[in-house]
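Accompanying notes for the structure given below.
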Amino acid sequence: MRKYPLLIIGGGLSGLAAGIRFARFGQKVLILEKHSKIGGLNSYYHRQGKLLETGLHAVTNFARPEDKHAPLNRLLRQLKIPRRNLVLHEQIFSEIIFPGRASLCFSNDFNLLLQQIKEAFPGSTLSFTDFVAALDQYDPFVLKANISAREYVSSFLQDELLVEMLFCPIMFYGSSEEDDMDLSQFVILFRSIFQEGFFRPQGTIKDLLELLLNQYKSFDGEIELSAGVDEIFTENNRISGVRTSAGEEILCDNLISTAGFPETRKLFHSADSAKTFSNSNAEKISSRLSFVESIYLLGQSEIKYLPKDRTIIFYNLADKFTYHRPIDPIDPSSGVICFPNNFQGTEKDDVVQLRVTHLANYDAWRKAYDNKDKSMYRSMKKFWMEESKKVVGEIIGNCIENIVYEDSFTPVTIERYTSKLQGAVYGSPDKIKDGRTNFENLYIAGTDQGYLGIIGSMLSGVSMVNQHILNKT
Ligand SMILES: Cc1cc2nc3c(=O)[nH]c(=O)nc-3n(C[C@H](O)[C@H](O)[C@H](O)COP(=O)(O)OP(=O)(O)OC[C@H]3O[C@@H](n4cnc5c(N)ncnc54)[C@H](O)[C@@H]3O)c2cc1C
């Protein structure tokens, strides 16, 4: 029977980063990935001869090479990937629009946001400066009980509209909680979105994934695709190994699961082990948040109508910005509109891409998908995409007409391809901040450990290996 010092469940970004970190010290490690491709939530597929990315709008945490302490540069050092191997295209600028009320632009230069707040919210300029100074002092990586970010932010900023506008991108890009979030999570996202900023690596997500995979393999890391873990075994309160979907049993000294916390619990077939893993698993699953993501490829004739300067627009049309599971299948009243071609220095393409994200109701999509009449799901998709297009038209003008190709995926699609229960992109509202579980050699990394997004999930994989595994071997 095969045995490894470390087994990793999941070949998404956190699993790949954890694998590289461990393998670079000459340790044997195996990643087991259920899907036939790596990447998890941030993967790719092909349609119409084009590579389409499932998740990439923009990578957060932009940093210049000389900023040695920045999360991006620290991550690359930990993975032993020279920064010069990556060409990064910075965003032009992004915008938060609450039409008829206010607009705030921000870029990778934080001064732009400061200036915009000074102009749009002159009465809040000083309190915003105090707020940023307080955030700069805050250490989000010290473990502490959850603090409401809403209450904290509102204790500095009295203008409710400004508070909502700041929360809009932060929630869309990383909140697994409805309408509020833990302060530490807020601070991490505030820094990574507003103070560091957005970029795209040259090429596509496939290139980034291949870079990571090649690095992993160069250290003799092993990976098996279409090799889901079906069961986790325990012995004397420790994990002893796993059984794969092919029926093979593989033993391990340590196990890292990036599948998610409730998803990992499901892999314990023995009731006792499941109970030891967690007594209180499923109660939060009902409020998990998911999205519908639409991708439009537009022909040349539309290009002239599209904004050329903005990279991402975060918008809200409702009186109050809310961020929770909608009653309808999607909530087009708020969302994210991303222009992946609008990064500095990217090559011109014959088609232009537009991506649109809205909060979605998993149960509604699941019910339609499970209906015997398969046309129901398709027509629901069609109806809501038309509603979405109308709203997007209100924000950027009616420019999505000459559509060469369009595709949308729902919470059900996300669940099918990534095994995230209810398609919860940001996982469980309760995070396992230290990555520890009740089994001393099982750790949670990635989304449910609490670091999110492309850089966050990779940092999570690396830090779980650093904190829990390397010191043992
Ligand atoms: C539509 C969308 C847009 C996004 N946009 C951005 C963006 O612009 N910028 C950004 O930074 N982030 C973005 N994200 C978020 C980002 O993709 C995720 O935060 C990150 O990829 C999470 O990585 P992970 O490794 O923690 O989890 P995952 O990617 O979920 O990886 C877990 C892996 O485990 C595998 N798995 C599950 N169960 C098993 C099992 N039993 N056995 C074996 N394998 C298993 C899954 O197949 C998956 O590959 C987006 C996500 C989505 C869905």
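Letters A, B, ... go to the chains of the structure tokens in the order shown; residues in each chain start at 1; ligands are counted from 1 in the same order.
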Determine, using only C-alpha atoms and all ligand atoms, which residues of chain A have any atom at most 6 Å from an atom of ligand 1, and tabulate each with its shortest atom pair and distance in Å to one decimal place, rows ordered by chain and then rising number, as CSV.
residue,atom,partner,partner_atom_place_in_ligand_line,distance
A:Ile9,CA,ligand 1,43 (C),4.8
A:Gly10,CA,ligand 1,34 (O),3.2
A:Gly11,CA,ligand 1,49 (O),4.8
A:Gly12,CA,ligand 1,31 (O),3.6
A:Leu13,CA,ligand 1,25 (O),4.1
A:Ser14,CA,ligand 1,25 (O),3.7
A:Gly15,CA,ligand 1,25 (O),5.5
A:Leu32,CA,ligand 1,43 (C),5.1
A:Glu33,CA,ligand 1,44 (N),3.8
A:Lys34,CA,ligand 1,44 (N),4.0
A:His35,CA,ligand 1,47 (O),5.1
A:Ile38,CA,ligand 1,49 (O),5.9
A:Gly39,CA,ligand 1,49 (O),5.5
A:Gly40,CA,ligand 1,49 (O),3.1
A:Leu41,CA,ligand 1,29 (O),3.8
A:Asn42,CA,ligand 1,17 (O),4.1
A:Thr54,CA,ligand 1,1 (C),5.8
A:Gly55,CA,ligand 1,3 (C),3.4
A:Leu56,CA,ligand 1,8 (O),4.0
A:His57,CA,ligand 1,8 (O),3.3
A:Ala58,CA,ligand 1,8 (O),4.1
A:Val59,CA,ligand 1,11 (O),4.5
A:Thr60,CA,ligand 1,11 (O),5.6
A:Gly228,CA,ligand 1,42 (N),3.5
A:Val229,CA,ligand 1,42 (N),3.8
A:Asp230,CA,ligand 1,41 (N),5.7
A:Thr258,CA,ligand 1,32 (C),5.1
A:Ala259,CA,ligand 1,37 (C),4.1
A:Glu293,CA,ligand 1,1 (C),5.5
A:Thr418,CA,ligand 1,47 (O),4.1
A:Ser419,CA,ligand 1,37 (C),5.0
A:Val425,CA,ligand 1,53 (C),5.2
A:Gly446,CA,ligand 1,26 (O),3.3
A:Thr447,CA,ligand 1,26 (O),4.1
A:Leu452,CA,ligand 1,19 (O),4.4
A:Gly453,CA,ligand 1,19 (O),3.3
A:Ile454,CA,ligand 1,11 (O),3.7
A:Ser457,CA,ligand 1,26 (O),4.8
Contacts of A:Thr204 at 12 Å (only C-alpha atoms; same-chain gap of 4+ positions) as a PDB file with N, CA and C atoms, in the first residue's frame:
ATOM      1  N   ASN A  42     -10.969  28.252  -9.764  1.00  0.00           N
ATOM      2  CA  ASN A  42     -10.334  29.107 -10.753  1.00  0.00           C
ATOM      3  C   ASN A  42      -9.664  28.261 -11.822  1.00  0.00           C
ATOM      4  N   SER A  43     -10.486  27.705 -12.693  1.00  0.00           N
ATOM      5  CA  SER A  43      -9.967  26.826 -13.726  1.00  0.00           C
ATOM      6  C   SER A  43     -10.331  27.400 -15.104  1.00  0.00           C
ATOM      7  N   TYR A  44     -10.516  26.566 -16.090  1.00  0.00           N
ATOM      8  CA  TYR A  44     -10.788  27.052 -17.447  1.00  0.00           C
ATOM      9  C   TYR A  44     -11.479  25.955 -18.252  1.00  0.00           C
ATOM     10  N   TYR A  45     -12.079  26.352 -19.355  1.00  0.00           N
ATOM     11  CA  TYR A  45     -12.655  25.387 -20.281  1.00  0.00           C
ATOM     12  C   TYR A  45     -12.611  25.997 -21.686  1.00  0.00           C
ATOM     13  N   LYS A  50     -12.050  29.079 -28.046  1.00  0.00           N
ATOM     14  CA  LYS A  50     -11.485  30.051 -27.088  1.00  0.00           C
ATOM     15  C   LYS A  50     -11.339  29.417 -25.727  1.00  0.00           C
ATOM     16  N   LEU A  51     -10.314  29.846 -25.017  1.00  0.00           N
ATOM     17  CA  LEU A  51     -10.181  29.391 -23.632  1.00  0.00           C
ATOM     18  C   LEU A  51     -10.956  30.368 -22.750  1.00  0.00           C
ATOM     19  N   LEU A  52     -11.888  29.840 -21.978  1.00  0.00           N
ATOM     20  CA  LEU A  52     -12.655  30.689 -21.062  1.00  0.00           C
ATOM     21  C   LEU A  52     -12.268  30.351 -19.630  1.00  0.00           C
ATOM     22  N   GLU A  53     -12.069  31.391 -18.844  1.00  0.00           N
ATOM     23  CA  GLU A  53     -11.685  31.174 -17.445  1.00  0.00           C
ATOM     24  C   GLU A  53     -12.947  31.073 -16.591  1.00  0.00           C
ATOM     25  N   THR A  54     -12.953  30.135 -15.659  1.00  0.00           N
ATOM     26  CA  THR A  54     -14.164  29.999 -14.826  1.00  0.00           C
ATOM     27  C   THR A  54     -14.254  31.142 -13.823  1.00  0.00           C
ATOM     28  N   GLY A  55     -13.099  31.605 -13.348  1.00  0.00           N
ATOM     29  CA  GLY A  55     -13.204  32.527 -12.225  1.00  0.00           C
ATOM     30  C   GLY A  55     -12.439  33.821 -12.320  1.00  0.00           C
ATOM     31  N   LEU A  56     -11.466  33.908 -13.173  1.00  0.00           N
ATOM     32  CA  LEU A  56     -10.544  35.044 -13.032  1.00  0.00           C
ATOM     33  C   LEU A  56     -11.122  36.373 -13.525  1.00  0.00           C
ATOM     34  N   HIS A  57     -11.367  37.271 -12.584  1.00  0.00           N
ATOM     35  CA  HIS A  57     -11.628  38.669 -12.947  1.00  0.00           C
ATOM     36  C   HIS A  57     -10.290  39.396 -12.869  1.00  0.00           C
ATOM     37  N   ALA A  58      -9.759  39.376 -11.656  1.00  0.00           N
ATOM     38  CA  ALA A  58      -8.503  40.073 -11.392  1.00  0.00           C
ATOM     39  C   ALA A  58      -7.876  39.413 -10.188  1.00  0.00           C
ATOM     40  N   VAL A  59      -6.563  39.449 -10.150  1.00  0.00           N
ATOM     41  CA  VAL A  59      -5.881  38.952  -8.965  1.00  0.00           C
ATOM     42  C   VAL A  59      -5.701  40.152  -8.039  1.00  0.00           C
ATOM     43  N   LEU A  86       7.111  36.183 -13.838  1.00  0.00           N
ATOM     44  CA  LEU A  86       5.730  36.605 -14.031  1.00  0.00           C
ATOM     45  C   LEU A  86       5.683  38.009 -14.631  1.00  0.00           C
ATOM     46  N   VAL A  87       4.858  38.162 -15.656  1.00  0.00           N
ATOM     47  CA  VAL A  87       4.604  39.510 -16.173  1.00  0.00           C
ATOM     48  C   VAL A  87       3.220  39.895 -15.675  1.00  0.00           C
ATOM     49  N   LEU A  88       3.128  41.006 -14.949  1.00  0.00           N
ATOM     50  CA  LEU A  88       1.846  41.391 -14.365  1.00  0.00           C
ATOM     51  C   LEU A  88       1.298  42.639 -15.053  1.00  0.00           C
ATOM     52  N   HIS A  89       0.011  42.582 -15.373  1.00  0.00           N
ATOM     53  CA  HIS A  89      -0.645  43.753 -15.960  1.00  0.00           C
ATOM     54  C   HIS A  89      -1.554  44.368 -14.904  1.00  0.00           C
ATOM     55  N   ARG A 200      -3.586  41.332 -13.544  1.00  0.00           N
ATOM     56  CA  ARG A 200      -3.732  40.031 -14.222  1.00  0.00           C
ATOM     57  C   ARG A 200      -2.352  39.562 -14.629  1.00  0.00           C
ATOM     58  N   LEU A 208      -0.967  30.306 -15.476  1.00  0.00           N
ATOM     59  CA  LEU A 208      -0.584  30.390 -14.063  1.00  0.00           C
ATOM     60  C   LEU A 208      -0.631  29.007 -13.419  1.00  0.00           C
ATOM     61  N   LEU A 209      -1.687  28.256 -13.753  1.00  0.00           N
ATOM     62  CA  LEU A 209      -1.815  26.911 -13.177  1.00  0.00           C
ATOM     63  C   LEU A 209      -0.670  26.017 -13.649  1.00  0.00           C
ATOM     64  N   GLU A 210      -0.310  26.153 -14.917  1.00  0.00           N
ATOM     65  CA  GLU A 210       0.793  25.320 -15.441  1.00  0.00           C
ATOM     66  C   GLU A 210       2.123  25.686 -14.787  1.00  0.00           C
ATOM     67  N   LEU A 211       2.295  26.985 -14.520  1.00  0.00           N
ATOM     68  CA  LEU A 211       3.514  27.424 -13.820  1.00  0.00           C
ATOM     69  C   LEU A 211       3.586  26.746 -12.451  1.00  0.00           C
ATOM     70  N   PRO A 340     -12.049  42.044 -18.720  1.00  0.00           N
ATOM     71  CA  PRO A 340     -10.714  41.438 -18.640  1.00  0.00           C
ATOM     72  C   PRO A 340      -9.720  41.984 -19.664  1.00  0.00           C
ATOM     73  N   ASN A 341     -10.226  42.679 -20.713  1.00  0.00           N
ATOM     74  CA  ASN A 341      -9.285  43.254 -21.690  1.00  0.00           C
ATOM     75  C   ASN A 341      -8.725  44.594 -21.213  1.00  0.00           C
ATOM     76  N   THR A 346      -2.222  44.949 -21.916  1.00  0.00           N
ATOM     77  CA  THR A 346      -2.624  43.633 -22.428  1.00  0.00           C
ATOM     78  C   THR A 346      -2.776  43.706 -23.951  1.00  0.00           C
TER      79      THR A 346
END
Name the residues of stretch 227-370 of chain A that fall into strand (DSSP E or B) according to DSSP on the backbone, using the chain letters and numbers of this document, as a PyMOL selection string. chain A and resi 229-235+238-244+249-257+290-298+310-316+330-338+343+352-360
Could you write out that same residue set with C-alpha atoms as a tab-separated table (two decimals), in the first residue's frame?
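Result written to part-v3.tsv:
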chain	number	residue	atom	x	y	z
A	229	VAL	CA	-11.12	11.05	-2.20
A	230	ASP	CA	-14.24	9.09	-1.31
A	231	GLU	CA	-13.43	8.28	2.29
A	232	ILE	CA	-11.06	9.32	5.06
A	233	PHE	CA	-9.97	6.60	7.51
A	234	THR	CA	-9.05	7.10	11.13
A	235	GLU	CA	-7.15	5.04	13.66
A	238	ARG	CA	-5.57	10.11	13.89
A	239	ILE	CA	-6.08	10.07	10.16
A	240	SER	CA	-4.53	6.91	8.79
A	241	GLY	CA	-5.33	7.33	5.10
A	242	VAL	CA	-7.92	7.76	2.38
A	243	ARG	CA	-9.77	5.69	-0.17
A	244	THR	CA	-9.94	7.11	-3.69
A	249	GLU	CA	-6.38	2.93	-0.13
A	250	ILE	CA	-3.47	5.31	0.42
A	251	LEU	CA	-1.88	5.83	3.83
A	252	CYS	CA	-0.54	9.13	5.13
A	253	ASP	CA	1.15	10.75	8.12
A	254	ASN	CA	-0.63	14.07	7.53
A	255	LEU	CA	-3.66	15.11	5.54
A	256	ILE	CA	-4.55	18.60	4.30
A	257	SER	CA	-8.05	19.03	2.95
A	290	SER	CA	-23.23	31.63	-4.33
A	291	PHE	CA	-23.24	33.51	-7.58
A	292	VAL	CA	-24.26	33.35	-11.20
A	293	GLU	CA	-21.39	34.30	-13.47
A	294	SER	CA	-21.94	35.24	-17.11
A	295	ILE	CA	-19.28	35.52	-19.76
A	296	TYR	CA	-19.94	37.46	-22.97
A	297	LEU	CA	-17.66	37.53	-25.98
A	298	LEU	CA	-18.47	40.60	-28.02
A	310	ARG	CA	-12.35	50.85	-16.26
A	311	THR	CA	-11.25	47.38	-15.29
A	312	ILE	CA	-14.02	46.41	-12.88
A	313	ILE	CA	-17.29	48.08	-11.95
A	314	PHE	CA	-19.01	47.22	-8.66
A	315	TYR	CA	-22.55	48.57	-8.70
A	316	ASN	CA	-25.67	48.77	-6.58
A	330	ILE	CA	-30.45	36.03	-8.99
A	331	ASP	CA	-30.33	39.57	-7.67
A	332	PRO	CA	-29.38	41.83	-10.58
A	333	SER	CA	-29.80	44.96	-8.44
A	334	SER	CA	-26.15	44.70	-7.54
A	335	GLY	CA	-23.15	42.99	-9.05
A	336	VAL	CA	-19.74	43.08	-10.59
A	337	ILE	CA	-18.99	43.91	-14.23
A	338	CYS	CA	-15.47	43.01	-15.25
A	343	PHE	CA	-5.66	45.89	-17.94
A	352	VAL	CA	-13.77	41.53	-26.21
A	353	GLN	CA	-14.82	39.81	-23.06
A	354	LEU	CA	-17.23	40.98	-20.42
A	355	ARG	CA	-17.97	39.14	-17.20
A	356	VAL	CA	-20.93	39.78	-14.94
A	357	THR	CA	-21.49	38.41	-11.43
A	358	HIS	CA	-24.66	38.47	-9.34
A	359	LEU	CA	-25.62	36.91	-6.04
A	360	ALA	CA	-27.76	33.83	-6.63
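If you measure from each of A:Leu75, A:Ile147, A:Ile432, A:Ile396 to A:Lys308 using only C-alpha atoms, the closest one turns out to be A:Ile396.
For the choices A:Thr264, A:Gln195, A:Thr276, A:Asn146, the atom-to-atom distance to A:Met181 is smallest for A:Asn146 when using only C-alpha atoms.
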According to DSSP computed on the backbone, where in stretch 321-461 of chain A is there helix (DSSP H, G or I)? Give the residues as number ranges by chain. A: 362-370, 375-396, 411-418, 421-423, 447-449, 453-461
For A:Tyr152, which residue among A:Glu263, A:Asp182, A:Asp309, A:Asp220 is the nearest when counting only C-alpha atoms? A:Asp182
Counting only C-alpha atoms, what is within 10 Å of A:Ala145, bar same-chain residues fewer than 3 positions away, as JSON, numbers by chain? {"A": [142, 148, 182, 183, 184]}
Those selected residues, please, written with N, CA and C atoms and delivered as a PDB file, in the first residue's frame.
ATOM      1  N   VAL A 142      -3.528  37.642  13.917  1.00  0.00           N
ATOM      2  CA  VAL A 142      -3.533  37.154  15.297  1.00  0.00           C
ATOM      3  C   VAL A 142      -4.922  36.565  15.556  1.00  0.00           C
ATOM      4  N   SER A 148     -17.588  42.276  14.502  1.00  0.00           N
ATOM      5  CA  SER A 148     -18.385  42.726  13.362  1.00  0.00           C
ATOM      6  C   SER A 148     -17.680  43.868  12.635  1.00  0.00           C
ATOM      7  N   ASP A 182     -16.326  39.198   9.397  1.00  0.00           N
ATOM      8  CA  ASP A 182     -15.380  39.312  10.489  1.00  0.00           C
ATOM      9  C   ASP A 182     -14.370  40.427  10.167  1.00  0.00           C
ATOM     10  N   LEU A 183     -14.035  41.201  11.187  1.00  0.00           N
ATOM     11  CA  LEU A 183     -13.143  42.339  10.958  1.00  0.00           C
ATOM     12  C   LEU A 183     -11.796  41.913  10.357  1.00  0.00           C
ATOM     13  N   SER A 184     -11.241  40.806  10.834  1.00  0.00           N
ATOM     14  CA  SER A 184      -9.936  40.395  10.303  1.00  0.00           C
ATOM     15  C   SER A 184     -10.028  40.152   8.796  1.00  0.00           C
TER      16      SER A 184
END
Near stretch 79-84 of chain A, within 9 Å and counting only C-alpha atoms, which residues show up once chain neighbours fewer than 5 positions away are dropped, as an NGL selection string? :A and (17-18 or 20-21 or 24 or 65 or 73-74 or 211-212 or 215-216 or 462)
Non-local contacts of A:Phe110 (12 Å; only C-alpha atoms; under 6 positions in same chain excluded) as a VMD selection string: chain A and resid 62 93 to 94 116 to 117 129 132 190 to 198
Store the residues of this selection in a file with N, CA and C atoms, as a PDB file, in the first residue's frame.
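Final file, part.pdb:
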ATOM      1  N   PHE A  62      -1.761  43.314  -5.645  1.00  0.00           N
ATOM      2  CA  PHE A  62      -0.659  43.729  -6.517  1.00  0.00           C
ATOM      3  C   PHE A  62       0.501  44.266  -5.664  1.00  0.00           C
ATOM      4  N   PHE A  93      -8.281  51.435 -13.885  1.00  0.00           N
ATOM      5  CA  PHE A  93      -8.863  51.776 -12.589  1.00  0.00           C
ATOM      6  C   PHE A  93     -10.218  51.105 -12.491  1.00  0.00           C
ATOM      7  N   SER A  94     -10.729  50.995 -11.301  1.00  0.00           N
ATOM      8  CA  SER A  94     -12.036  50.372 -11.104  1.00  0.00           C
ATOM      9  C   SER A  94     -12.967  51.378 -10.449  1.00  0.00           C
ATOM     10  N   GLN A 116     -10.887  60.695  -4.247  1.00  0.00           N
ATOM     11  CA  GLN A 116     -12.291  60.519  -4.624  1.00  0.00           C
ATOM     12  C   GLN A 116     -13.210  60.680  -3.409  1.00  0.00           C
ATOM     13  N   ILE A 117     -12.758  60.184  -2.270  1.00  0.00           N
ATOM     14  CA  ILE A 117     -13.573  60.304  -1.059  1.00  0.00           C
ATOM     15  C   ILE A 117     -13.626  61.778  -0.624  1.00  0.00           C
ATOM     16  N   THR A 129      -9.391  59.069   7.020  1.00  0.00           N
ATOM     17  CA  THR A 129      -7.944  59.000   7.293  1.00  0.00           C
ATOM     18  C   THR A 129      -7.697  58.294   8.624  1.00  0.00           C
ATOM     19  N   VAL A 132      -8.318  54.524   8.170  1.00  0.00           N
ATOM     20  CA  VAL A 132      -7.208  53.828   7.487  1.00  0.00           C
ATOM     21  C   VAL A 132      -6.029  53.665   8.447  1.00  0.00           C
ATOM     22  N   PHE A 190      -9.597  44.667   2.548  1.00  0.00           N
ATOM     23  CA  PHE A 190      -9.407  46.108   2.329  1.00  0.00           C
ATOM     24  C   PHE A 190      -7.999  46.356   1.791  1.00  0.00           C
ATOM     25  N   ARG A 191      -7.028  45.723   2.450  1.00  0.00           N
ATOM     26  CA  ARG A 191      -5.635  45.890   2.004  1.00  0.00           C
ATOM     27  C   ARG A 191      -5.448  45.337   0.599  1.00  0.00           C
ATOM     28  N   SER A 192      -5.968  44.116   0.385  1.00  0.00           N
ATOM     29  CA  SER A 192      -5.654  43.463  -0.887  1.00  0.00           C
ATOM     30  C   SER A 192      -6.371  44.114  -2.070  1.00  0.00           C
ATOM     31  N   ILE A 193      -7.547  44.726  -1.828  1.00  0.00           N
ATOM     32  CA  ILE A 193      -8.287  45.355  -2.938  1.00  0.00           C
ATOM     33  C   ILE A 193      -7.934  46.833  -3.084  1.00  0.00           C
ATOM     34  N   PHE A 194      -8.031  47.592  -1.975  1.00  0.00           N
ATOM     35  CA  PHE A 194      -7.872  49.046  -2.098  1.00  0.00           C
ATOM     36  C   PHE A 194      -6.426  49.517  -1.937  1.00  0.00           C
ATOM     37  N   GLN A 195      -5.678  48.882  -1.027  1.00  0.00           N
ATOM     38  CA  GLN A 195      -4.336  49.409  -0.767  1.00  0.00           C
ATOM     39  C   GLN A 195      -3.286  48.767  -1.681  1.00  0.00           C
ATOM     40  N   GLU A 196      -3.522  47.514  -2.090  1.00  0.00           N
ATOM     41  CA  GLU A 196      -2.559  46.870  -2.986  1.00  0.00           C
ATOM     42  C   GLU A 196      -3.098  46.892  -4.424  1.00  0.00           C
ATOM     43  N   GLY A 197      -4.290  46.346  -4.643  1.00  0.00           N
ATOM     44  CA  GLY A 197      -4.937  46.517  -5.943  1.00  0.00           C
ATOM     45  C   GLY A 197      -4.949  45.295  -6.837  1.00  0.00           C
ATOM     46  N   PHE A 198      -5.489  45.512  -8.033  1.00  0.00           N
ATOM     47  CA  PHE A 198      -5.758  44.403  -8.958  1.00  0.00           C
ATOM     48  C   PHE A 198      -4.713  44.307 -10.071  1.00  0.00           C
TER      49      PHE A 198
END
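Of note, atom CA of A:Ser463 and atom CA of A:Asn438 are spaced 18.8 Å apart.
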Can you work out which one of A:Gln300, A:Ser127, A:Ser175, A:Asn85 has the shortest atom-to-atom distance to A:Val163, counting only C-alpha atoms? A:Ser127
Of the listed residues A:Tyr4, A:Ile303, A:Gln185, A:Phe277, that which approaches A:Lys144 most closely, counting only C-alpha atoms: A:Gln185
Between atom CA of A:Ala368 and atom CA of A:His269, what distance in Å does the model show, to one decimal?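 Interatomic distance here is 29.8 Å.
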Might you pull out every residue within 9 Å of stretch 370-387 of chain A, with only C-alpha atoms counted and same-chain residues fewer than 4 positions away left off, and present them as a ChimeraX atom specification? /A:294,329-330,332,365-366,391-392,408-410
Those residues with N, CA and C atoms, as a PDB file, in the first residue's frame please?
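Printed below is part-v5.pdb as written:
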ATOM      1  N   SER A 294     -21.713  35.293 -15.660  1.00  0.00           N
ATOM      2  CA  SER A 294     -21.938  35.245 -17.113  1.00  0.00           C
ATOM      3  C   SER A 294     -20.724  35.774 -17.838  1.00  0.00           C
ATOM      4  N   PRO A 329     -33.942  33.808  -8.183  1.00  0.00           N
ATOM      5  CA  PRO A 329     -32.750  33.035  -8.573  1.00  0.00           C
ATOM      6  C   PRO A 329     -31.474  33.883  -8.634  1.00  0.00           C
ATOM      7  N   ILE A 330     -31.606  35.129  -9.105  1.00  0.00           N
ATOM      8  CA  ILE A 330     -30.448  36.031  -8.991  1.00  0.00           C
ATOM      9  C   ILE A 330     -30.929  37.402  -8.529  1.00  0.00           C
ATOM     10  N   PRO A 332     -30.156  40.963  -9.686  1.00  0.00           N
ATOM     11  CA  PRO A 332     -29.380  41.832 -10.584  1.00  0.00           C
ATOM     12  C   PRO A 332     -29.245  43.258 -10.063  1.00  0.00           C
ATOM     13  N   TRP A 365     -32.028  27.371  -8.158  1.00  0.00           N
ATOM     14  CA  TRP A 365     -31.358  26.762  -9.322  1.00  0.00           C
ATOM     15  C   TRP A 365     -31.350  25.246  -9.202  1.00  0.00           C
ATOM     16  N   ARG A 366     -31.162  24.758  -7.990  1.00  0.00           N
ATOM     17  CA  ARG A 366     -31.140  23.301  -7.774  1.00  0.00           C
ATOM     18  C   ARG A 366     -32.500  22.699  -8.133  1.00  0.00           C
ATOM     19  N   VAL A 391     -29.971  45.258 -16.781  1.00  0.00           N
ATOM     20  CA  VAL A 391     -29.364  46.051 -15.711  1.00  0.00           C
ATOM     21  C   VAL A 391     -27.953  46.489 -16.093  1.00  0.00           C
ATOM     22  N   VAL A 392     -27.206  45.566 -16.682  1.00  0.00           N
ATOM     23  CA  VAL A 392     -25.845  45.923 -17.102  1.00  0.00           C
ATOM     24  C   VAL A 392     -25.920  47.081 -18.118  1.00  0.00           C
ATOM     25  N   SER A 408     -23.271  31.150 -19.121  1.00  0.00           N
ATOM     26  CA  SER A 408     -23.374  31.524 -17.709  1.00  0.00           C
ATOM     27  C   SER A 408     -23.345  30.263 -16.891  1.00  0.00           C
ATOM     28  N   PHE A 409     -22.789  30.379 -15.718  1.00  0.00           N
ATOM     29  CA  PHE A 409     -22.870  29.237 -14.835  1.00  0.00           C
ATOM     30  C   PHE A 409     -23.490  29.620 -13.509  1.00  0.00           C
ATOM     31  N   THR A 410     -24.212  28.665 -12.963  1.00  0.00           N
ATOM     32  CA  THR A 410     -25.063  28.905 -11.818  1.00  0.00           C
ATOM     33  C   THR A 410     -24.430  28.220 -10.592  1.00  0.00           C
TER      34      THR A 410
END
